[in-house]
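S.K.: My structure file protein-v4.csv, CSV, C-alpha atoms, is below:
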chain,number,residue,atom,x,y,z
A,64,MET,CA,17.6,-40.3,44.5
A,65,ARG,CA,15.9,-36.9,44.3
A,66,LEU,CA,13.6,-36.2,41.3
A,67,HIS,CA,15.8,-33.7,39.5
A,68,GLU,CA,18.9,-35.9,40.0
A,69,SER,CA,17.2,-39.0,38.5
A,70,ILE,CA,16.0,-36.9,35.6
A,71,ARG,CA,19.5,-35.4,35.0
A,72,GLN,CA,20.9,-38.9,35.0
A,73,PHE,CA,18.3,-40.2,32.6
A,74,CYS,CA,18.9,-37.2,30.3
A,75,SER,CA,22.6,-37.8,30.3
A,76,GLU,CA,22.2,-41.4,29.4
A,77,ILE,CA,19.7,-41.0,26.5
A,78,GLY,CA,21.5,-37.9,25.3
A,79,LYS,CA,24.6,-40.0,24.7
A,80,ASP,CA,22.6,-42.6,22.6
A,81,PRO,CA,22.4,-41.3,19.0
A,82,LEU,CA,19.5,-43.7,18.3
A,83,ILE,CA,17.4,-41.8,20.9
A,84,VAL,CA,18.8,-38.2,20.9
A,85,GLN,CA,20.8,-36.4,18.2
A,86,GLY,CA,22.9,-33.4,19.3
A,87,ALA,CA,20.8,-30.5,20.5
A,88,GLY,CA,17.6,-32.3,19.6
A,89,GLY,CA,14.9,-33.4,22.0
A,90,ASN,CA,13.8,-31.9,25.3
A,91,VAL,CA,12.8,-33.0,28.8
A,92,SER,CA,10.9,-31.3,31.5
A,93,TRP,CA,9.5,-31.9,35.0
A,94,LYS,CA,7.0,-30.0,37.1
A,95,GLU,CA,7.8,-29.3,40.8
A,96,ASN,CA,6.3,-26.7,43.2
A,97,ASN,CA,4.5,-24.8,40.4
A,98,VAL,CA,7.7,-24.6,38.4
A,99,LEU,CA,8.3,-26.2,35.0
A,100,TRP,CA,11.9,-27.1,34.6
A,101,ILE,CA,12.6,-27.4,30.9
A,102,LYS,CA,15.8,-28.0,28.8
A,103,ALA,CA,17.2,-24.7,27.5
A,104,SER,CA,17.1,-24.1,23.8
A,105,GLY,CA,20.3,-25.3,22.0
A,106,THR,CA,21.7,-27.3,24.9
A,107,TRP,CA,22.5,-31.0,24.7
A,108,LEU,CA,20.7,-33.6,26.9
A,109,ALA,CA,24.1,-35.4,27.0
A,110,ASP,CA,25.4,-32.5,29.1
A,111,ALA,CA,22.8,-32.8,31.8
A,112,GLY,CA,25.1,-34.6,34.2
A,113,ASP,CA,27.8,-31.9,34.3
A,114,LYS,CA,26.2,-28.7,32.9
A,115,ASP,CA,23.3,-26.5,34.0
A,116,ILE,CA,21.0,-27.0,31.0
A,117,PHE,CA,17.5,-26.6,32.6
A,118,VAL,CA,15.5,-23.4,32.9
A,119,PRO,CA,12.8,-22.8,35.6
A,120,VAL,CA,9.6,-21.4,34.1
A,121,LYS,CA,6.5,-20.2,35.9
A,122,LEU,CA,4.0,-23.0,35.4
A,123,ASP,CA,0.8,-21.3,36.6
A,124,HIS,CA,1.4,-18.4,34.1
A,125,LEU,CA,1.6,-20.9,31.2
A,126,THR,CA,-1.3,-23.1,32.4
A,127,ALA,CA,-3.7,-20.1,32.7
A,128,ALA,CA,-2.8,-18.9,29.2
A,129,LEU,CA,-3.1,-22.3,27.6
A,130,LYS,CA,-6.5,-22.9,29.2
A,131,SER,CA,-7.7,-19.7,27.7
A,132,GLY,CA,-6.4,-20.7,24.3
A,133,ASP,CA,-3.5,-18.3,24.3
A,134,TYR,CA,-0.8,-20.1,22.4
A,135,ALA,CA,1.2,-16.9,21.8
A,136,VAL,CA,2.1,-16.8,25.5
A,137,ILE,CA,5.8,-16.2,26.2
A,138,PRO,CA,7.2,-18.3,29.0
A,139,GLN,CA,8.4,-16.4,32.0
A,140,THR,CA,11.5,-17.6,33.8
A,141,VAL,CA,11.5,-17.8,37.6
A,142,GLU,CA,15.0,-16.3,37.8
A,143,SER,CA,17.3,-14.3,35.6
A,144,THR,CA,19.3,-16.6,33.3
A,145,PRO,CA,21.1,-16.2,30.0
A,146,LEU,CA,19.5,-19.4,28.8
A,147,LYS,CA,16.2,-19.5,26.8
A,148,PRO,CA,13.5,-22.1,27.5
A,149,SER,CA,13.1,-24.7,24.8
A,150,ILE,CA,11.0,-23.9,21.7
A,151,GLU,CA,8.7,-26.6,22.9
A,152,THR,CA,8.0,-25.2,26.4
A,153,LEU,CA,4.3,-24.8,25.7
A,154,LEU,CA,4.0,-28.4,24.7
A,155,HIS,CA,5.5,-29.6,28.0
A,156,ALA,CA,3.3,-27.2,30.0
A,157,LEU,CA,0.1,-28.5,28.5
A,158,MET,CA,0.9,-32.2,29.0
A,159,PRO,CA,-0.5,-32.9,32.5
A,160,HIS,CA,2.2,-35.4,33.5
A,161,ARG,CA,4.9,-34.7,36.0
A,162,ILE,CA,7.6,-35.6,33.6
A,163,VAL,CA,7.5,-35.1,29.8
A,164,VAL,CA,10.1,-36.4,27.4
A,165,HIS,CA,10.3,-35.4,23.7
A,166,VAL,CA,12.8,-37.3,21.6
A,167,HIS,CA,13.6,-38.2,18.0
A,168,ALA,CA,14.2,-41.9,18.5
A,169,ILE,CA,15.4,-43.5,15.2
A,170,GLU,CA,13.1,-46.6,15.3
A,171,VAL,CA,10.1,-44.4,15.8
A,172,LEU,CA,11.2,-41.6,13.5
A,173,ALA,CA,11.6,-44.0,10.7
A,174,GLN,CA,7.9,-44.7,10.9
A,175,LEU,CA,6.8,-41.1,11.5
A,176,VAL,CA,8.3,-39.9,8.1
A,177,ARG,CA,6.0,-42.4,6.3
A,178,LYS,CA,3.1,-40.8,4.4
A,179,ASP,CA,0.6,-43.4,5.9
A,180,PHE,CA,1.8,-43.2,9.5
A,181,ASP,CA,-1.0,-43.2,12.1
A,182,HIS,CA,-0.9,-45.1,15.4
A,183,ILE,CA,-4.2,-46.8,14.5
A,184,ASN,CA,-2.4,-48.6,11.7
A,185,TYR,CA,-0.5,-50.5,14.4
A,186,PRO,CA,-3.3,-52.5,16.2
A,187,ALA,CA,-0.7,-54.4,18.4
A,188,LEU,CA,0.4,-51.1,20.0
A,189,ASP,CA,-0.3,-51.2,23.7
A,190,LYS,CA,-3.7,-49.6,24.2
A,191,ALA,CA,-2.8,-48.5,27.7
A,192,LEU,CA,-0.6,-45.8,26.2
A,193,ASP,CA,-3.8,-44.2,24.8
A,194,ALA,CA,-1.6,-42.9,22.0
A,195,ARG,CA,-2.4,-40.0,19.7
A,196,THR,CA,-1.1,-38.9,16.3
A,197,VAL,CA,-0.6,-35.3,15.3
A,198,GLU,CA,0.1,-34.1,11.8
A,199,TYR,CA,3.3,-32.1,11.1
A,200,CYS,CA,3.1,-28.6,12.5
A,201,LYS,CA,5.8,-25.9,12.9
A,202,PRO,CA,7.4,-26.4,16.4
A,203,GLY,CA,6.4,-24.1,19.1
A,204,ALA,CA,2.9,-22.5,19.5
A,205,GLU,CA,1.4,-24.2,16.3
A,206,LEU,CA,2.5,-27.6,17.4
A,207,ALA,CA,1.4,-27.1,21.0
A,208,GLU,CA,-2.1,-26.1,19.9
A,209,ALA,CA,-2.3,-29.2,17.6
A,210,VAL,CA,-1.3,-31.5,20.5
A,211,ALA,CA,-3.7,-29.8,22.9
A,212,ASN,CA,-6.6,-30.5,20.4
A,213,GLN,CA,-5.7,-34.2,20.7
A,214,LEU,CA,-5.7,-34.4,24.5
A,215,ASP,CA,-8.8,-35.0,26.7
A,216,GLY,CA,-7.7,-33.1,29.8
A,217,THR,CA,-6.6,-36.2,31.6
A,218,SER,CA,-3.2,-37.9,32.0
A,219,ASN,CA,-4.5,-41.0,30.2
A,220,THR,CA,-2.6,-40.2,27.0
A,221,ARG,CA,1.0,-41.1,27.7
A,222,VAL,CA,2.3,-41.1,24.1
A,223,VAL,CA,1.8,-38.5,21.3
A,224,PHE,CA,3.3,-39.3,17.9
A,225,LEU,CA,4.4,-36.2,16.0
A,226,LYS,CA,4.5,-36.9,12.2
A,227,ASN,CA,7.8,-35.9,10.6
A,228,HIS,CA,9.1,-34.9,14.0
A,229,GLY,CA,9.3,-37.1,17.0
A,230,VAL,CA,7.5,-38.7,20.0
A,231,ILE,CA,6.3,-37.2,23.3
A,232,ILE,CA,6.1,-39.4,26.4
A,233,GLY,CA,4.4,-38.4,29.6
A,234,GLY,CA,4.7,-40.1,33.0
A,235,ASP,CA,4.9,-39.7,36.7
A,236,ASN,CA,8.5,-41.0,37.2
A,237,ILE,CA,11.6,-41.8,35.2
A,238,ASP,CA,11.1,-45.6,35.5
A,239,GLU,CA,7.7,-45.3,33.8
A,240,ILE,CA,9.2,-43.0,31.1
A,241,SER,CA,12.1,-45.4,30.5
A,242,LYS,CA,9.9,-48.4,30.2
A,243,THR,CA,7.6,-46.6,27.7
A,244,LEU,CA,10.6,-45.4,25.6
A,245,GLU,CA,12.1,-48.9,25.6
A,246,TYR,CA,8.8,-50.4,24.6
A,247,LEU,CA,8.3,-48.0,21.7
A,248,THR,CA,11.8,-48.5,20.3
A,249,HIS,CA,11.4,-52.3,20.4
A,250,PHE,CA,7.8,-52.2,19.0
A,251,PHE,CA,8.9,-50.2,16.0
A,252,ALA,CA,12.3,-51.8,15.5
A,253,THR,CA,13.2,-52.7,12.0
A,254,PRO,CA,16.5,-54.1,10.7
A,255,THR,CA,19.1,-51.8,9.2
A,256,VAL,CA,20.0,-52.4,5.6
A,257,SER,CA,23.4,-51.3,4.6
A,258,ILE,CA,26.3,-52.2,2.4
A,259,PRO,CA,30.1,-52.1,3.0
A,260,VAL,CA,31.8,-49.0,1.7
A,261,THR,CA,35.2,-47.5,1.8
A,262,THR,CA,36.3,-44.0,2.4
A,263,PRO,CA,37.4,-42.2,-0.8
A,264,ASP,CA,41.1,-41.4,-1.1
A,265,THR,CA,40.7,-38.0,-2.7
A,266,SER,CA,39.5,-34.6,-1.6
A,267,LEU,CA,38.1,-31.5,-3.3
A,268,ARG,CA,40.0,-28.2,-3.1
A,269,LEU,CA,38.5,-25.1,-4.4
A,270,ALA,CA,40.4,-22.1,-5.9
A,271,ASN,CA,39.8,-20.1,-2.8
A,272,GLY,CA,41.5,-22.7,-0.6
A,273,VAL,CA,38.3,-24.2,0.8
A,274,GLU,CA,38.7,-28.0,1.0
A,275,PHE,CA,36.0,-30.7,1.1
A,276,SER,CA,37.5,-33.9,2.6
A,277,PRO,CA,35.9,-37.4,2.8
A,278,ILE,CA,33.7,-37.4,5.8
A,279,GLY,CA,35.2,-39.3,8.8
A,280,VAL,CA,32.2,-41.6,9.5
A,281,THR,CA,32.7,-44.3,6.9
A,282,LYS,CA,29.0,-45.5,6.7
A,283,LEU,CA,28.0,-42.0,5.6
A,284,HIS,CA,29.5,-42.6,2.2
A,285,GLU,CA,26.7,-45.1,1.6
A,286,VAL,CA,24.3,-42.1,1.2
A,287,ALA,CA,26.1,-41.2,-2.0
A,288,VAL,CA,27.0,-44.7,-3.2
A,289,THR,CA,23.9,-46.9,-2.6
A,290,PRO,CA,21.4,-46.3,-5.5
A,291,SER,CA,18.4,-46.4,-3.3
A,292,LEU,CA,19.9,-44.0,-0.8
A,293,VAL,CA,21.0,-41.6,-3.6
A,294,ASP,CA,17.3,-41.6,-4.8
A,295,ARG,CA,16.2,-40.8,-1.2
A,296,LEU,CA,18.8,-38.1,-1.0
A,297,HIS,CA,17.4,-36.5,-4.1
A,298,ASP,CA,13.7,-37.0,-3.4
A,299,ASN,CA,13.4,-37.2,0.4
A,300,TRP,CA,15.8,-34.8,2.1
A,301,ALA,CA,13.5,-32.5,4.0
A,302,LEU,CA,11.9,-35.0,6.4
A,303,TYR,CA,11.9,-33.3,9.9
A,304,PRO,CA,12.8,-30.0,11.5
A,305,ASP,CA,16.3,-30.6,13.0
A,306,HIS,CA,17.6,-32.0,9.8
A,307,ILE,CA,16.6,-28.8,7.9
A,308,VAL,CA,17.7,-26.4,10.6
A,309,PHE,CA,21.2,-27.8,10.9
A,310,LEU,CA,21.9,-29.2,7.3
A,311,GLY,CA,19.9,-26.8,5.1
A,312,PRO,CA,16.8,-27.1,2.9
A,313,HIS,CA,18.3,-29.1,0.1
A,314,PRO,CA,21.1,-31.6,-0.4
A,315,ARG,CA,24.1,-30.8,-2.7
A,316,LEU,CA,24.4,-33.9,-4.9
A,317,PHE,CA,26.9,-33.9,-7.8
A,318,GLY,CA,27.8,-36.4,-10.5
A,319,SER,CA,31.5,-36.0,-10.0
A,320,LEU,CA,34.2,-34.0,-8.1
A,321,GLU,CA,34.8,-32.0,-11.3
A,322,GLU,CA,31.1,-31.1,-11.5
A,323,ALA,CA,31.1,-30.1,-7.8
A,324,LYS,CA,34.2,-28.0,-8.2
A,325,SER,CA,32.8,-26.1,-11.2
A,326,ALA,CA,29.5,-25.4,-9.4
A,327,LEU,CA,30.9,-24.5,-6.0
A,328,GLU,CA,33.5,-22.1,-7.3
A,329,GLN,CA,30.6,-20.0,-8.6
A,330,GLU,CA,29.0,-19.7,-5.1
A,331,SER,CA,29.5,-17.2,-2.4
A,332,GLU,CA,27.8,-19.3,0.4
A,333,LEU,CA,29.2,-22.9,0.4
A,334,PRO,CA,27.4,-25.9,1.9
A,335,ASP,CA,28.9,-27.8,4.9
A,336,VAL,CA,28.5,-31.1,3.2
A,337,ILE,CA,28.3,-32.4,-0.4
A,338,PHE,CA,27.5,-35.8,-1.9
A,339,VAL,CA,29.2,-37.1,-5.0
A,340,ARG,CA,27.4,-39.9,-6.7
A,341,ASP,CA,29.1,-43.2,-6.7
A,342,LEU,CA,32.1,-41.8,-4.8
A,343,GLY,CA,31.2,-40.6,-1.3
A,344,THR,CA,30.3,-37.8,1.1
A,345,PHE,CA,32.5,-34.8,1.6
A,346,ALA,CA,32.6,-32.1,4.2
A,347,ARG,CA,34.5,-28.9,5.0
A,348,GLU,CA,35.7,-27.8,8.4
A,349,THR,CA,32.4,-26.1,9.2
A,350,MET,CA,30.8,-29.5,9.6
A,351,ASN,CA,30.6,-29.5,13.4
A,352,LYS,CA,29.4,-32.1,15.9
A,353,ALA,CA,25.8,-30.8,15.8
A,354,LYS,CA,25.6,-31.0,12.1
A,355,MET,CA,27.3,-34.4,12.0
A,356,ALA,CA,24.8,-35.7,14.5
A,357,GLN,CA,22.0,-34.8,12.2
A,358,LEU,CA,23.6,-36.3,9.1
A,359,ILE,CA,24.1,-39.6,11.0
A,360,CYS,CA,20.5,-39.4,12.1
A,361,TYR,CA,19.4,-39.1,8.5
A,362,TYR,CA,21.5,-42.1,7.5
A,363,ASP,CA,20.1,-44.1,10.4
A,364,VAL,CA,16.5,-43.3,9.4
A,365,MET,CA,17.1,-44.0,5.7
A,366,THR,CA,18.7,-47.4,6.3
A,367,LYS,CA,15.6,-48.4,8.3
A,368,LEU,CA,13.3,-47.9,5.3
A,369,ASN,CA,12.4,-50.4,2.6
A,370,ASP,CA,12.8,-49.2,-1.0
A,371,ASP,CA,9.0,-48.9,-1.7
A,372,ALA,CA,8.2,-46.9,1.5
A,373,GLN,CA,6.4,-43.7,0.6
A,374,LEU,CA,7.7,-40.8,2.6
A,375,SER,CA,6.2,-37.4,3.5
A,376,THR,CA,8.6,-34.5,2.9
A,377,LEU,CA,8.2,-31.0,4.2
A,378,THR,CA,6.8,-28.4,1.8
A,379,ASP,CA,8.8,-25.4,0.6
A,380,ALA,CA,6.7,-23.2,2.8
A,381,GLN,CA,7.3,-25.4,5.8
A,382,ILE,CA,11.0,-25.4,5.1
A,383,SER,CA,11.1,-21.6,4.8
A,384,GLU,CA,9.4,-21.0,8.1
A,385,LEU,CA,12.0,-23.1,9.8
A,386,ILE,CA,15.1,-21.6,8.1
A,387,ASP,CA,13.9,-18.0,8.6
A,388,TRP,CA,12.7,-18.5,12.2
A,389,ASP,CA,14.7,-16.5,14.8
A,390,ALA,CA,14.2,-19.1,17.4
A,391,GLU,CA,15.9,-21.7,15.2
A,392,LYS,CA,18.6,-19.3,14.2
A,393,TYR,CA,19.3,-18.8,17.9
A,394,ARG,CA,19.5,-22.6,18.5
A,395,ARG,CA,21.6,-23.1,15.5
A,396,GLY,CA,24.0,-20.3,16.5
A,397,LEU,CA,24.5,-21.8,20.0
A,398,ASN,CA,25.8,-25.0,18.3
A,399,ASP,CA,28.2,-23.4,15.8
A,400,THR,CA,31.1,-24.0,18.2
A,401,LYS,CA,30.1,-27.6,18.9
As a first step, turn the structure in this file into structure tokens.
M.R.:
Amino acid sequence: MRLHESIRQFCSEIGKDPLIVQGAGGNVSWKENNVLWIKASGTWLADAGDKDIFVPVKLDHLTAALKSGDYAVIPQTVESTPLKPSIETLLHALMPHRIVVHVHAIEVLAQLVRKDFDHINYPALDKALDARTVEYCKPGAELAEAVANQLDGTSNTRVVFLKNHGVIIGGDNIDEISKTLEYLTHFFATPTVSIPVTTPDTSLRLANGVEFSPIGVTKLHEVAVTPSLVDRLHDNWALYPDHIVFLGPHPRLFGSLEEAKSALEQESELPDVIFVRDLGTFARETMNKAKMAQLICYYDVMTKLNDDAQLSTLTDAQISELIDWDAEKYRRGLNDTK
């Protein structure tokens, strides 16, 4: 199988696994004949098998700029295309490996949101990975520079952990990448703690006709019903970029449907999803697949954490730079019809 075909097949497979990739999140690249093929911004890895989701970018142009410390460099596409290279293109260019994969695997992400995360705190982690840990940075140029400062110019470092974000894996072939990803998900695996819940039998209808109905994924009602998850919802919402970009900077948690109705009828811009304590999670018709994928991701991460885990949340300034960033507005816009 040719390189690009094996990569597309790999992307399609992991893109359909919500424990590895969520919606438009994550990106994959490969280098071939001085071209960096990178997933386009806003596209889904799950579509790699039947859609053209990769963009060819001039690799030598990026490499020269990055070597000179120019992290403001704008990727140049090899050919005209309506697609835009991933926000993380620079990150992929500076990694020396032939193939680079960046995902938000749940088992790993549940560790990366902890305040005390650092790979050195896991002495059993395979030393051959030569792993690195990078503190949270805004995706794009800032993150690329932070990662570059952790690399030694060789391909020895095969794994980079991005706190409050995800994991980068570099390798020479898909088999190597797959084995590393499988190793990491097993190494960091923790049991899911959940309780049985039922879907509420009532909805919330506002005076303007907008209706918030019980969300269709039953387990998501746990977020509003389980006391520990309600506390997390209140205190630890802003944990990583994609969650904020697609679901907003703050959760809308109410004590009752009546309280929600009273508050929401005073607002001109309504949320996509609301949480009603001890009752459940409700969404309106704007809650599309991309947003649902991120809410499920949040649930999956929260149910991997013990109650006393101390989490690191993004600051108001970090949240604002994501919400107001044109690159993220573009990516979010592409997913409005999903």
S.K.: Determine, counting all atoms listed in the file, every residue of protein, DNA or RNA that lies within 9 Å of (6.9, -34.2, 30.2) in the file coordinates, then give the result as a ChimeraX atom specification.
M.R.: /A:90-94,101,154-156,158-165,231-235
S.K.: Could you build a table of the residues in range 335-393 of chain A lying no more than 10 Å from range 193-201 of chain A, giving for each the nearest pair of atoms and their separation in Å rounded to one decimal place, using all atoms listed in the file, ordered by chain and ascending residue number, as JSON lines?
M.R.:
{"residue": "A:Ser375", "atom": "CA", "partner": "A:Tyr199", "partner_atom": "CA", "distance": 9.7}
{"residue": "A:Leu377", "atom": "CA", "partner": "A:Tyr199", "partner_atom": "CA", "distance": 8.5}
{"residue": "A:Gln381", "atom": "CA", "partner": "A:Lys201", "partner_atom": "CA", "distance": 7.3}
{"residue": "A:Ile382", "atom": "CA", "partner": "A:Lys201", "partner_atom": "CA", "distance": 9.4}
{"residue": "A:Glu384", "atom": "CA", "partner": "A:Lys201", "partner_atom": "CA", "distance": 7.7}
{"residue": "A:Leu385", "atom": "CA", "partner": "A:Lys201", "partner_atom": "CA", "distance": 7.5}
S.K.: When you count all atoms listed in the file, which of these residues is closest to Ser325 in chain A: A:Asp298, A:Arg268, A:Leu283, A:Asn351?
M.R.: A:Arg268
S.K.: Quote the spacing between CA of Val176 in chain A and CA of Arg340 in chain A in Å to one decimal place.
M.R.: 24.2 Å
S.K.: Please return, as a ChimeraX atom specification, all polymer residues that have at least one atom within 12 Å of the point (17.0, -45.2, 9.7); use all atoms listed in the file and the file's own coordinate frame.
M.R.: /A:81-83,167-177,251-257,286,292,295,302,357-369
S.K.: With a distance cut-off of 9 Å and all atoms listed in the file, select the neighbouring residues of range 130-141 of chain A, excluding the residue or stretch itself and same-chain residues fewer than 3 positions from it, and output the selection as a ChimeraX atom specification.
M.R.: /A:98,118-122,124-127,144,147-148,152-153,157,203-205,207-208
S.K.: What separation in Å, quoted to one decimal, exists between CA of Gly216 in chain A and CA of Ala103 in chain A?
M.R.: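 Value for the CA of Gly216 in chain A-CA of Ala103 in chain A distance: 26.4 Å.
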S.K.: Can you work out the spacing between CA of Ala326 in chain A and CA of Val339 in chain A in Å, to one decimal?
M.R.: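 One can read the CA of Ala326 in chain A to CA of Val339 in chain A distance as 12.5 Å.
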S.K.: Here is a test: counting all atoms listed in the file, which residue of A:Val223, A:Leu66, A:Val230, A:Leu333 is nearest to Glu95 in chain A?
M.R.: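 The answer is A:Leu66, which sits nearest to Glu95 in chain A.
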S.K.: For each of A:Cys74, A:Leu188, A:Ala109, A:Leu316, take the minimum atom-to-atom distance to His249 in chain A, counting only C-alpha atoms, then give the residue where this is smallest.
M.R.: A:Leu188
S.K.: Taking only C-alpha atoms into account, which of A:Asn97, A:Ser276, A:Gln373, A:Gln72 comes nearest Asp113 in chain A?
M.R.: A:Gln72
S.K.: Show me, as a count of residues only, the residues that have an atom within 10 Å of Glu285 in chain A when counting all atoms listed in the file, minus same-chain residues fewer than 4 positions from it.
M.R.: 20
S.K.: Measuring between all atoms listed in the file, which one of A:Lys178, A:Lys102, A:His297, A:Lys324 shows the shortest distance to Ile70 in chain A?
M.R.: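 That would be A:Lys102, the residue with the smallest distance to Ile70 in chain A.
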S.K.: Nearest to Arg71 in chain A: which of A:Ile116, A:Val166, A:Ala287, A:Ile307 is it, counting all atoms listed in the file?
M.R.: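 Comparing A:Ile116, A:Val166, A:Ala287, A:Ile307 against Arg71 in chain A, the winner is A:Ile116.
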S.K.: Could you build a table of the residues in range 203-278 of chain A lying no more than 10 Å from range 318-323 of chain A, giving for each the nearest pair of atoms and their separation in Å rounded to one decimal place, using only C-alpha atoms, ordered by chain and ascending residue number, as JSON lines?
M.R.:
{"residue": "A:Thr265", "atom": "CA", "partner": "A:Leu320", "partner_atom": "CA", "distance": 9.3}
{"residue": "A:Ser266", "atom": "CA", "partner": "A:Leu320", "partner_atom": "CA", "distance": 8.4}
{"residue": "A:Leu267", "atom": "CA", "partner": "A:Leu320", "partner_atom": "CA", "distance": 6.7}
{"residue": "A:Arg268", "atom": "CA", "partner": "A:Leu320", "partner_atom": "CA", "distance": 9.6}
{"residue": "A:Leu269", "atom": "CA", "partner": "A:Ala323", "partner_atom": "CA", "distance": 9.6}
{"residue": "A:Phe275", "atom": "CA", "partner": "A:Leu320", "partner_atom": "CA", "distance": 9.9}
S.K.: Can you take range 316-333 of chain A from the block and write N, CA and C atoms as a PDB file, in the first residue's frame?
M.R.:
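Saved the output as selection-v7.pdb:
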ATOM      1  N   LEU A 316     -25.322  26.453  33.815  1.00  0.00           N
ATOM      2  CA  LEU A 316     -25.847  25.534  34.820  1.00  0.00           C
ATOM      3  C   LEU A 316     -26.954  26.227  35.607  1.00  0.00           C
ATOM      4  N   PHE A 317     -28.108  25.574  35.665  1.00  0.00           N
ATOM      5  CA  PHE A 317     -29.255  26.155  36.367  1.00  0.00           C
ATOM      6  C   PHE A 317     -29.768  25.202  37.443  1.00  0.00           C
ATOM      7  N   GLY A 318     -30.460  25.784  38.421  1.00  0.00           N
ATOM      8  CA  GLY A 318     -30.989  24.972  39.514  1.00  0.00           C
ATOM      9  C   GLY A 318     -32.302  24.295  39.177  1.00  0.00           C
ATOM     10  N   SER A 319     -32.996  24.792  38.161  1.00  0.00           N
ATOM     11  CA  SER A 319     -34.283  24.209  37.760  1.00  0.00           C
ATOM     12  C   SER A 319     -34.626  24.694  36.359  1.00  0.00           C
ATOM     13  N   LEU A 320     -35.624  24.052  35.740  1.00  0.00           N
ATOM     14  CA  LEU A 320     -36.078  24.496  34.421  1.00  0.00           C
ATOM     15  C   LEU A 320     -36.690  25.893  34.514  1.00  0.00           C
ATOM     16  N   GLU A 321     -37.351  26.175  35.616  1.00  0.00           N
ATOM     17  CA  GLU A 321     -37.972  27.492  35.794  1.00  0.00           C
ATOM     18  C   GLU A 321     -36.904  28.579  35.851  1.00  0.00           C
ATOM     19  N   GLU A 322     -35.827  28.284  36.561  1.00  0.00           N
ATOM     20  CA  GLU A 322     -34.724  29.244  36.648  1.00  0.00           C
ATOM     21  C   GLU A 322     -34.096  29.450  35.270  1.00  0.00           C
ATOM     22  N   ALA A 323     -33.932  28.365  34.531  1.00  0.00           N
ATOM     23  CA  ALA A 323     -33.355  28.454  33.188  1.00  0.00           C
ATOM     24  C   ALA A 323     -34.245  29.295  32.279  1.00  0.00           C
ATOM     25  N   LYS A 324     -35.527  29.053  32.331  1.00  0.00           N
ATOM     26  CA  LYS A 324     -36.481  29.782  31.489  1.00  0.00           C
ATOM     27  C   LYS A 324     -36.440  31.283  31.788  1.00  0.00           C
ATOM     28  N   SER A 325     -36.442  31.617  33.053  1.00  0.00           N
ATOM     29  CA  SER A 325     -36.421  33.014  33.458  1.00  0.00           C
ATOM     30  C   SER A 325     -35.158  33.726  32.974  1.00  0.00           C
ATOM     31  N   ALA A 326     -34.016  33.041  33.092  1.00  0.00           N
ATOM     32  CA  ALA A 326     -32.745  33.647  32.695  1.00  0.00           C
ATOM     33  C   ALA A 326     -32.596  33.732  31.179  1.00  0.00           C
ATOM     34  N   LEU A 327     -32.934  32.649  30.483  1.00  0.00           N
ATOM     35  CA  LEU A 327     -32.702  32.589  29.036  1.00  0.00           C
ATOM     36  C   LEU A 327     -33.632  33.515  28.258  1.00  0.00           C
ATOM     37  N   GLU A 328     -34.814  33.775  28.790  1.00  0.00           N
ATOM     38  CA  GLU A 328     -35.737  34.660  28.079  1.00  0.00           C
ATOM     39  C   GLU A 328     -35.306  36.119  28.136  1.00  0.00           C
ATOM     40  N   GLN A 329     -34.275  36.390  28.917  1.00  0.00           N
ATOM     41  CA  GLN A 329     -33.728  37.747  28.980  1.00  0.00           C
ATOM     42  C   GLN A 329     -32.506  37.913  28.075  1.00  0.00           C
ATOM     43  N   GLU A 330     -32.116  36.826  27.386  1.00  0.00           N
ATOM     44  CA  GLU A 330     -30.885  36.845  26.609  1.00  0.00           C
ATOM     45  C   GLU A 330     -31.157  36.890  25.107  1.00  0.00           C
ATOM     46  N   SER A 331     -30.286  37.622  24.392  1.00  0.00           N
ATOM     47  CA  SER A 331     -30.416  37.707  22.933  1.00  0.00           C
ATOM     48  C   SER A 331     -29.628  36.604  22.230  1.00  0.00           C
ATOM     49  N   GLU A 332     -28.544  36.146  22.852  1.00  0.00           N
ATOM     50  CA  GLU A 332     -27.733  35.059  22.297  1.00  0.00           C
ATOM     51  C   GLU A 332     -27.842  33.850  23.215  1.00  0.00           C
ATOM     52  N   LEU A 333     -28.494  32.821  22.715  1.00  0.00           N
ATOM     53  CA  LEU A 333     -28.749  31.643  23.538  1.00  0.00           C
ATOM     54  C   LEU A 333     -27.636  30.609  23.400  1.00  0.00           C
TER      55      LEU A 333
END
